[in-house]
$ cat start.tsv   # TSV, C-alpha atoms
chain	number	residue	atom	x	y	z
A	282	MET	CA	121.07	49.34	148.27
A	283	SER	CA	122.97	46.20	147.45
A	284	CYS	CA	123.23	43.09	149.60
A	285	GLY	CA	126.93	43.80	149.64
A	286	SER	CA	126.17	46.58	152.11
A	287	ARG	CA	123.10	46.94	154.29
A	288	ALA	CA	121.28	49.64	156.22
A	289	GLU	CA	123.14	50.88	159.25
A	290	THR	CA	122.31	49.30	162.55
A	291	SER	CA	122.50	52.44	164.65
A	292	SER	CA	121.06	55.92	164.46
A	293	SER	CA	123.31	58.00	162.25
A	294	SER	CA	122.77	61.41	163.80
A	295	PHE	CA	122.21	62.98	167.19
A	296	SER	CA	118.48	63.55	167.62
A	297	LYS	CA	117.39	67.19	167.44
A	298	VAL	CA	120.89	68.47	168.15
A	299	SER	CA	120.00	71.82	166.62
A	300	GLN	CA	117.42	72.36	169.36
A	301	VAL	CA	119.82	71.71	172.25
A	302	SER	CA	122.58	74.03	173.36
A	303	VAL	CA	126.00	72.47	173.86
A	304	HIS	CA	125.83	73.87	177.37
A	305	ASP	CA	122.48	72.18	178.10
A	306	LYS	CA	122.71	69.43	180.69
A	307	ARG	CA	120.61	67.25	178.41
A	308	PHE	CA	123.34	67.26	175.79
A	309	ARG	CA	125.53	64.21	175.89
A	310	MET	CA	128.34	63.29	173.53
A	311	ALA	CA	127.66	60.03	171.75
A	312	ARG	CA	129.58	57.10	173.20
A	313	PRO	CA	132.29	56.15	170.69
A	314	LEU	CA	132.86	52.65	169.45
A	315	GLN	CA	135.73	50.80	171.05
A	316	TYR	CA	137.87	49.83	168.10
A	317	ASN	CA	138.82	46.17	168.02
A	318	ALA	CA	140.26	45.65	164.54
A	319	THR	CA	142.87	46.98	162.13
A	320	LEU	CA	142.68	47.73	158.43
A	321	VAL	CA	145.67	45.65	157.35
A	322	GLU	CA	145.26	46.06	153.60
A	323	ARG	CA	143.39	48.29	151.21
A	324	ILE	CA	143.32	47.73	147.47
A	325	ASP	CA	141.77	50.54	145.44
A	326	LEU	CA	140.44	49.18	142.17
A	327	THR	CA	139.04	52.56	141.12
A	328	GLU	CA	138.45	55.83	142.93
A	329	ALA	CA	135.12	54.51	144.18
A	330	LEU	CA	135.68	50.76	144.46
A	331	SER	CA	137.99	49.09	146.96
A	332	ILE	CA	138.85	45.86	148.72
A	333	PHE	CA	139.30	46.19	152.49
A	334	GLN	CA	141.00	43.51	154.56
A	335	VAL	CA	140.27	43.84	158.27
A	336	GLN	CA	142.03	41.92	161.03
A	337	SER	CA	140.14	41.49	164.30
A	338	ASP	CA	142.08	41.67	167.55
A	339	LYS	CA	140.34	38.48	168.65
A	340	LEU	CA	138.30	36.11	166.55
A	341	PRO	CA	135.75	33.69	168.06
A	342	ARG	CA	137.11	30.37	169.26
A	343	LYS	CA	134.56	28.48	167.21
A	344	ARG	CA	135.87	28.18	163.68
A	345	PRO	CA	134.66	28.86	161.15
A	346	TRP	CA	132.65	31.62	162.77
A	347	PHE	CA	130.62	32.47	159.67
A	348	THR	CA	129.08	30.73	156.68
A	349	ALA	CA	129.73	31.72	153.08
A	350	GLY	CA	127.05	34.22	152.08
A	351	GLN	CA	126.71	35.86	155.50
A	352	TYR	CA	127.66	39.34	156.66
A	353	CYS	CA	128.99	41.14	159.73
A	354	VAL	CA	129.00	44.72	161.01
A	355	LEU	CA	131.75	47.27	160.47
A	356	GLY	CA	131.81	50.57	162.34
A	357	LEU	CA	133.60	53.90	162.61
A	358	ASN	CA	133.43	56.94	164.84
A	359	ASP	CA	132.82	60.27	163.16
A	360	VAL	CA	135.81	61.96	164.80
A	361	GLY	CA	135.16	65.23	163.00
A	362	ARG	CA	131.70	65.44	164.54
A	363	PRO	CA	131.84	63.75	167.95
A	364	GLU	CA	128.26	64.78	168.72
A	365	ARG	CA	127.12	62.24	166.14
A	366	ARG	CA	126.72	58.62	167.04
A	367	PRO	CA	129.07	56.01	165.61
A	368	VAL	CA	128.24	54.78	162.15
A	369	ARG	CA	127.73	51.06	161.61
A	370	ARG	CA	127.04	49.14	158.44
A	371	ALA	CA	126.50	45.44	157.82
A	372	MET	CA	128.70	44.24	154.98
A	373	SER	CA	128.76	40.94	153.10
A	374	ILE	CA	131.95	38.97	153.68
A	375	ALA	CA	134.00	38.15	150.59
A	376	SER	CA	136.42	35.83	152.42
A	377	PRO	CA	135.90	32.08	152.58
A	378	PRO	CA	135.02	30.97	156.12
A	379	GLU	CA	137.79	28.36	156.14
A	380	ARG	CA	140.57	30.91	155.66
A	381	ASP	CA	142.31	32.36	158.70
A	382	GLY	CA	143.64	35.89	158.69
A	383	PRO	CA	142.00	39.18	157.69
A	384	ILE	CA	138.34	39.32	156.73
A	385	GLU	CA	137.79	40.76	153.27
A	386	PHE	CA	135.11	43.21	152.15
A	387	TYR	CA	134.32	44.51	148.66
A	388	ILE	CA	132.86	48.02	149.00
A	389	ARG	CA	131.78	50.87	146.76
A	390	TYR	CA	131.93	54.51	147.81
A	391	VAL	CA	128.40	55.91	147.98
A	392	ALA	CA	128.55	59.32	146.32
A	393	ARG	CA	124.91	60.22	147.05
A	394	PRO	CA	124.06	58.50	150.33
A	395	GLU	CA	120.60	58.49	151.87
A	396	SER	CA	122.03	58.68	155.38
A	397	PRO	CA	123.25	61.97	156.91
A	398	SER	CA	126.25	60.05	158.25
A	399	PRO	CA	127.42	57.92	155.35
A	400	PHE	CA	129.72	55.09	156.36
A	401	THR	CA	131.78	55.00	153.18
A	402	HIS	CA	132.68	58.70	153.52
A	403	LEU	CA	134.41	57.80	156.77
A	404	LEU	CA	135.82	54.50	155.52
A	405	TRP	CA	137.47	56.10	152.49
A	406	LYS	CA	139.56	58.26	154.82
A	407	LEU	CA	141.22	55.21	156.36
A	408	THR	CA	144.66	54.06	155.34
A	409	LYS	CA	146.48	50.81	155.97
A	410	GLY	CA	147.23	50.28	159.65
A	411	GLU	CA	144.40	52.39	161.03
A	412	ARG	CA	141.92	51.14	163.58
A	413	MET	CA	138.20	50.45	163.21
A	414	TYR	CA	135.39	48.31	164.58
A	415	MET	CA	134.34	44.86	163.34
A	416	ARG	CA	131.71	42.80	165.12
A	417	THR	CA	132.76	39.18	164.75
A	418	VAL	CA	129.23	37.84	164.85
A	419	SER	CA	127.85	36.68	161.52
A	420	ALA	CA	124.26	36.94	160.37
A	421	GLY	CA	122.08	36.23	157.37
A	422	VAL	CA	120.49	33.23	155.68
A	423	PHE	CA	121.66	34.01	152.14
A	424	THR	CA	123.59	30.75	152.13
A	425	ILE	CA	123.36	27.44	150.31
A	426	GLN	CA	122.67	25.62	153.58
A	427	ASP	CA	119.77	27.89	154.52
A	428	THR	CA	118.14	27.90	151.09
A	429	ILE	CA	118.33	24.74	148.98
A	430	GLY	CA	120.74	22.65	151.05
A	431	ILE	CA	124.26	21.61	150.12
A	432	SER	CA	123.15	18.32	148.55
A	433	ASP	CA	120.94	19.99	145.91
A	434	SER	CA	122.38	19.12	142.49
A	435	ARG	CA	120.76	21.86	140.41
A	436	ILE	CA	122.71	24.60	138.65
A	437	ARG	CA	123.30	27.55	141.00
A	438	VAL	CA	122.98	30.79	139.06
A	439	MET	CA	124.41	33.74	140.99
A	440	VAL	CA	123.39	37.16	139.71
A	441	ALA	CA	125.68	39.89	141.06
A	442	ALA	CA	125.50	43.63	140.41
A	443	GLY	CA	128.58	45.58	141.49
A	444	THR	CA	129.69	44.75	145.02
A	445	GLY	CA	126.84	42.25	145.20
A	446	LEU	CA	129.60	39.89	144.09
A	447	ALA	CA	130.92	39.57	147.67
A	448	PRO	CA	128.76	36.72	149.07
A	449	PHE	CA	129.14	34.69	145.87
A	450	LEU	CA	132.90	35.15	145.95
A	451	SER	CA	132.88	33.78	149.49
A	452	MET	CA	130.90	30.75	148.30
A	453	VAL	CA	133.13	29.73	145.41
A	454	ARG	CA	136.30	30.48	147.35
A	455	SER	CA	135.02	28.23	150.12
A	456	GLU	CA	134.43	25.39	147.67
A	457	VAL	CA	137.96	25.65	146.28
A	458	LEU	CA	139.64	26.04	149.64
A	459	ARG	CA	138.00	22.84	150.86
A	460	ASN	CA	138.91	21.00	147.66
A	461	PRO	CA	141.35	22.68	145.24
A	462	ARG	CA	140.26	20.31	142.47
A	463	VAL	CA	136.54	20.79	142.98
A	464	ASP	CA	134.37	20.89	139.87
A	465	LEU	CA	132.49	24.21	139.87
A	466	SER	CA	130.55	23.55	136.68
A	467	LYS	CA	127.20	23.80	138.48
A	468	TRP	CA	128.15	27.25	139.78
A	469	VAL	CA	127.25	30.05	137.37
A	470	LEU	CA	128.37	33.58	138.21
A	471	LEU	CA	126.95	36.51	136.23
A	472	HIS	CA	128.58	39.79	137.28
A	473	GLY	CA	127.43	43.16	136.01
A	474	ALA	CA	129.04	46.59	136.30
A	475	SER	CA	129.16	49.87	134.41
A	476	TYR	CA	132.74	49.49	133.15
A	477	PRO	CA	135.29	46.66	132.87
A	478	ALA	CA	137.38	48.20	135.65
A	479	ASP	CA	134.39	47.76	137.97
A	480	LEU	CA	134.36	43.99	137.48
A	481	GLY	CA	136.33	43.28	140.62
A	482	TYR	CA	138.16	39.97	141.11
A	483	ARG	CA	137.90	39.26	137.37
A	484	SER	CA	141.36	37.71	137.11
A	485	GLU	CA	140.68	35.37	140.03
A	486	LEU	CA	137.31	34.34	138.62
A	487	LEU	CA	138.75	33.70	135.16
A	488	GLU	CA	141.38	31.48	136.80
A	489	LEU	CA	138.62	29.53	138.56
A	490	SER	CA	136.88	29.19	135.21
A	491	ALA	CA	139.99	27.68	133.66
A	492	ALA	CA	141.01	25.49	136.60
A	493	ASN	CA	137.69	24.48	138.17
A	494	ASN	CA	135.08	24.97	135.42
A	495	LEU	CA	133.34	27.91	137.09
A	496	ARG	CA	130.89	29.36	134.58
A	497	TYR	CA	131.65	33.05	134.91
A	498	TRP	CA	130.56	35.86	132.61
A	499	GLY	CA	131.04	39.55	133.25
A	500	THR	CA	128.91	42.16	131.53
A	501	VAL	CA	129.24	45.95	131.26
A	502	SER	CA	126.33	48.33	130.86
A	503	ARG	CA	128.30	51.17	129.22
A	504	PRO	CA	130.23	49.46	126.43
A	505	SER	CA	130.44	52.64	124.33
A	506	GLU	CA	132.84	53.99	126.95
A	507	ALA	CA	134.95	50.81	126.93
A	508	VAL	CA	135.89	50.23	123.29
A	509	ALA	CA	138.37	47.46	124.12
A	510	TRP	CA	135.75	45.35	125.89
A	511	THR	CA	134.80	42.19	123.98
A	512	GLY	CA	132.62	40.45	126.56
A	513	ASP	CA	128.91	40.61	127.27
A	514	VAL	CA	127.14	43.95	127.35
A	515	GLY	CA	124.07	45.21	129.18
A	516	ARG	CA	122.82	45.08	132.75
A	517	VAL	CA	123.34	41.76	134.47
A	518	ASP	CA	119.60	41.05	134.61
A	519	SER	CA	119.46	41.34	130.81
A	520	PHE	CA	120.87	37.80	130.61
A	521	PHE	CA	117.28	36.74	131.35
A	522	ALA	CA	115.55	38.90	128.75
A	523	PRO	CA	113.36	36.81	126.40
A	524	ASP	CA	115.67	37.40	123.44
A	525	ARG	CA	118.82	36.47	125.41
A	526	LEU	CA	117.70	33.63	127.65
A	527	PRO	CA	118.08	31.04	124.85
A	528	ASP	CA	121.75	32.02	124.56
A	529	LEU	CA	122.24	31.51	128.31
A	530	GLU	CA	120.56	28.12	128.07
A	531	ASN	CA	122.92	27.18	125.27
A	532	ARG	CA	125.96	28.23	127.30
A	533	LEU	CA	124.74	26.12	130.21
A	534	GLY	CA	124.11	23.09	128.04
A	535	LEU	CA	120.36	23.20	128.61
A	536	SER	CA	117.79	22.44	125.96
A	537	PRO	CA	115.57	25.33	124.71
A	538	GLY	CA	113.17	26.19	127.51
A	539	GLY	CA	115.27	24.20	129.98
A	540	PHE	CA	116.12	27.09	132.27
A	541	THR	CA	113.48	26.30	134.89
A	542	PRO	CA	113.45	25.47	138.62
A	543	ARG	CA	113.67	21.82	137.64
A	544	ASN	CA	117.26	22.40	136.54
A	545	ALA	CA	118.41	25.62	138.24
A	546	VAL	CA	118.06	27.91	141.23
A	547	THR	CA	118.79	31.62	141.17
A	548	TYR	CA	120.49	33.86	143.75
A	549	ILE	CA	120.54	37.64	143.35
A	550	CYS	CA	122.65	40.23	145.13
A	551	GLY	CA	122.54	43.80	143.97
A	552	LEU	CA	120.43	46.89	143.76
A	553	THR	CA	116.67	46.62	144.00
A	554	GLY	CA	116.43	47.17	140.25
A	555	THR	CA	118.63	44.13	139.62
A	556	ILE	CA	116.53	41.98	141.92
A	557	LYS	CA	113.27	43.18	140.41
A	558	GLY	CA	114.53	42.85	136.84
A	559	THR	CA	115.74	39.29	137.35
A	560	MET	CA	112.72	38.17	139.33
A	561	THR	CA	110.12	39.55	136.92
A	562	ALA	CA	111.99	38.13	133.92
A	563	LEU	CA	112.02	34.64	135.44
A	564	ILE	CA	108.40	34.54	136.62
A	565	ASP	CA	107.33	33.08	133.28
A	566	ARG	CA	109.82	30.24	133.77
A	567	GLY	CA	108.20	29.37	137.11
A	568	PHE	CA	110.93	30.66	139.43
A	569	VAL	CA	109.32	31.23	142.81
A	570	PRO	CA	110.75	33.98	145.07
A	571	ALA	CA	111.57	33.16	148.67
A	572	SER	CA	110.32	36.53	149.94
A	573	ALA	CA	107.12	36.00	151.93
A	574	ARG	CA	105.78	39.43	150.97
A	575	VAL	CA	106.26	38.85	147.25
A	576	ARG	CA	104.89	35.31	147.42
A	577	GLU	CA	101.75	36.59	149.10
A	578	ALA	CA	101.29	39.31	146.48
A	579	LEU	CA	101.71	36.79	143.65
A	580	GLY	CA	99.43	34.19	145.24
A	581	VAL	CA	102.11	31.52	145.57
A	582	PRO	CA	100.87	28.56	147.66
A	583	PRO	CA	102.80	27.99	150.92
A	584	GLU	CA	103.84	24.49	149.84
A	585	GLU	CA	105.52	25.76	146.67
A	586	ARG	CA	109.30	25.54	147.11
A	587	ALA	CA	111.32	28.70	146.54
A	588	SER	CA	113.80	28.73	143.67
A	589	LEU	CA	114.82	32.41	143.57
A	590	PHE	CA	116.59	33.92	146.56
A	591	TYR	CA	117.67	37.38	147.65
A	592	GLU	CA	118.00	39.09	151.00
A	593	ASP	CA	114.73	40.82	151.82
A	594	TYR	CA	115.96	43.61	154.11
A	595	GLU	CA	114.37	46.63	152.42
A	596	THR	CA	111.35	48.27	154.07
A	597	GLU	CA	109.35	47.89	150.87
A	598	PRO	CA	109.01	44.81	148.62
A	599	VAL	CA	110.94	44.84	145.35
A	600	ILE	CA	107.65	45.10	143.47
A	601	ASP	CA	105.07	47.82	144.08
A	602	THR	CA	102.42	45.85	145.97
A	603	ASN	CA	100.33	49.03	146.25
A	604	ASP	CA	99.86	49.20	142.49
A	605	PRO	CA	96.91	46.93	141.58
A	606	LEU	CA	97.89	46.79	137.90
A	607	VAL	CA	101.48	45.74	138.65
A	608	VAL	CA	100.35	43.09	141.12
A	609	ALA	CA	97.58	41.75	138.87
A	610	THR	CA	99.91	41.43	135.89
A	611	LEU	CA	102.70	39.67	137.78
A	612	ARG	CA	100.24	37.49	139.68
A	613	ALA	CA	98.65	36.29	136.44
A	614	ARG	CA	102.07	35.47	135.00
A	615	MET	CA	103.08	33.60	138.16
A	616	GLN	CA	99.88	31.62	138.30
A	617	GLY	CA	100.17	30.80	134.59
A	618	ALA	CA	103.71	29.50	135.03
A	619	LEU	CA	102.76	27.36	138.03
A	620	ALA	CA	99.80	25.90	136.16
A	621	LYS	CA	102.08	24.66	133.36
A	622	ARG	CA	104.06	22.41	135.67
$ encode --input "start.tsv" --output "structure tokens"
Amino acid sequence: MSCGSRAETSSSSFSKVSQVSVHDKRFRMARPLQYNATLVERIDLTEALSIFQVQSDKLPRKRPWFTAGQYCVLGLNDVGRPERRPVRRAMSIASPPERDGPIEFYIRYVARPESPSPFTHLLWKLTKGERMYMRTVSAGVFTIQDTIGISDSRIRVMVAAGTGLAPFLSMVRSEVLRNPRVDLSKWVLLHGASYPADLGYRSELLELSAANNLRYWGTVSRPSEAVAWTGDVGRVDSFFAPDRLPDLENRLGLSPGGFTPRNAVTYICGLTGTIKGTMTALIDRGFVPASARVREALGVPPEERASLFYEDYETEPVIDTNDPLVVATLRARMQGALAKR
């Protein structure tokens, strides 16, 4: 699951409905959500990738009501099966907090969902002008303020897989909206997808590269099916592979071996595999994860400052802490990197 969309916040099915007759007094229809927002625009980039702009009936008086990098909850009633409870999902906000108007979300259709009541299957039925639920309360600490602080001058490397782009888009949009001439050269956005068509917002990001010095590179993992593509290839975490990291350092103007927490911090939003791949690749460079569970497994001292951030909302850590060999190997690498400082 990506940090662009999180686990639902409500039970997705009526408990033991098969054991209860519809005539049983114990049976109660699930209370539907009271819709408070309208889908004012929908932009389908592909059959399974869309931008949704949602306008709340009433936004909070305090503005801005969210911080770039945070998320809020969207919800829909399963009108075809009213015995099921409403479906809610927390989604990263792609809009900048300073912009009034609809709130934007970048969402992928989940073809093989784990939930029996998949949210995107309901969402994809909506058309412009239809009603839905949006909770205008933001949450999450995947923000610059809550991690390194806005005054930190290091390079900010944002690693996005698919719709994991959303919180980073909110961040750079916020910078530009507050200062159209802002220099974004310390912002590095690496965006990975299967095909070029899946690299959403590419035109906007290329414009920010030209106008504001955003360092943006898209990469596709299936280049054989996109013969016209001339950009980077491979999964987004492959930028940090030992044979490719020197090239990234060169692009960033760093000396060989200079991609370390002394000069950069890393943010990751994507599938667990993307988080794990990036984190394990950067252990040897001394990047320390913020996740308390991973830090404990790797023996990171409490006083060691984090330099690699991702939202830790999964029930299991991104590394298999139950595998002694995996833990011992990564722990030794982490301790070796810390000892070199």
$ axis_aligned_box --input "start.tsv" --around "region 433-441 of chain A" --padding-each-side "3 Å" --output "AutoDock Vina command-line options"
--center_x 123.2 --center_y 29.5 --center_z 142.3 --size_x 10.9 --size_y 26.8 --size_z 13.3
$ closest_residue --input "start.tsv" --among "A:Phe568, A:Lys409, A:Leu403, A:Arg576" --to "Arg362 (chain A)" --atoms "all atoms listed in the file"
A:Leu403
$ residues_around --input "start.tsv" --residues "Tyr482 (chain A)" --least-positions-apart "3" --cutoff "10 Å" --atoms "all atoms listed in the file" --output "count of residues only"
11
$ closest_residue --input "start.tsv" --among "A:Leu552, A:Leu404, A:Ala420, A:Ala442" --to "Gly356 (chain A)" --atoms "only C-alpha atoms"
A:Leu404
$ residues_around --input "start.tsv" --residues "Ala441 (chain A)" --least-positions-apart "2" --cutoff "8 Å" --atoms "all atoms listed in the file" --output "JSON, numbers by chain"
{"A": [439, 443, 444, 445, 446, 449, 470, 471, 472, 473, 517, 549, 550, 551]}
$ atom_distance --input "start.tsv" --atom1 "CA of Glu411 (chain A)" --atom2 "CA of Pro345 (chain A)"
25.5 Å
$ residues_near_point --input "start.tsv" --point "(122.3, 48.1, 131.2)" --cutoff "6 Å" --atoms "only C-alpha atoms" --output "list in words"
Ser502, Gly515 and Arg516 of chain A
$ atom_distance --input "start.tsv" --atom1 "CA of Asp528 (chain A)" --atom2 "CA of Ala349 (chain A)"
29.6 Å
$ atom_distance --input "start.tsv" --atom1 "CA of Gln336 (chain A)" --atom2 "CA of Arg323 (chain A)"
11.8 Å
$ closest_residue --input "start.tsv" --among "A:Asp427, A:Pro367, A:Thr319, A:Thr348" --to "Thr408 (chain A)" --atoms "only C-alpha atoms"
A:Thr319
$ residues_near_point --input "start.tsv" --point "(117.1, 28.1, 145.1)" --cutoff "7 Å" --atoms "only C-alpha atoms" --output "ChimeraX atom specification"
/A:428-429,546-548,587-590
$ write_last_selection --input "start.tsv" --atoms "C-alpha atoms" --output "PDB file, keeping the file's coordinate frame"
ATOM      1  CA  THR A 428     118.140  27.900 151.090  1.00  0.00           C
ATOM      2  CA  ILE A 429     118.330  24.740 148.980  1.00  0.00           C
ATOM      3  CA  VAL A 546     118.060  27.910 141.230  1.00  0.00           C
ATOM      4  CA  THR A 547     118.790  31.620 141.170  1.00  0.00           C
ATOM      5  CA  TYR A 548     120.490  33.860 143.750  1.00  0.00           C
ATOM      6  CA  ALA A 587     111.320  28.700 146.540  1.00  0.00           C
ATOM      7  CA  SER A 588     113.800  28.730 143.670  1.00  0.00           C
ATOM      8  CA  LEU A 589     114.820  32.410 143.570  1.00  0.00           C
ATOM      9  CA  PHE A 590     116.590  33.920 146.560  1.00  0.00           C
TER      10      PHE A 590
END
$ residues_around --input "start.tsv" --residues "Pro527 (chain A)" --least-positions-apart "5" --cutoff "10 Å" --atoms "all atoms listed in the file" --output "PyMOL selection string"
chain A and resi 520-522+532-533+535-540
$ closest_residue --input "start.tsv" --among "A:Ser505, A:Gly481, A:Asp433, A:Arg312" --to "Asn358 (chain A)" --atoms "all atoms listed in the file"
A:Arg312
$ closest_atom_pairs --input "start.tsv" --of "region 452-567 of chain A" --to "region 373-380 of chain A" --cutoff "10 Å" --atoms "all atoms listed in the file" --output "JSON lines"
{"residue": "A:Met452", "atom": "CA", "partner": "A:Pro377", "partner_atom": "CA", "distance": 6.7}
{"residue": "A:Val453", "atom": "CA", "partner": "A:Pro377", "partner_atom": "CA", "distance": 8.0}
{"residue": "A:Arg454", "atom": "CA", "partner": "A:Pro377", "partner_atom": "CA", "distance": 5.5}
{"residue": "A:Ser455", "atom": "CA", "partner": "A:Pro377", "partner_atom": "CA", "distance": 4.7}
{"residue": "A:Glu456", "atom": "CA", "partner": "A:Pro377", "partner_atom": "CA", "distance": 8.4}
{"residue": "A:Val457", "atom": "CA", "partner": "A:Pro377", "partner_atom": "CA", "distance": 9.2}
{"residue": "A:Leu458", "atom": "CA", "partner": "A:Glu379", "partner_atom": "CA", "distance": 7.1}
{"residue": "A:Arg459", "atom": "CA", "partner": "A:Glu379", "partner_atom": "CA", "distance": 7.6}
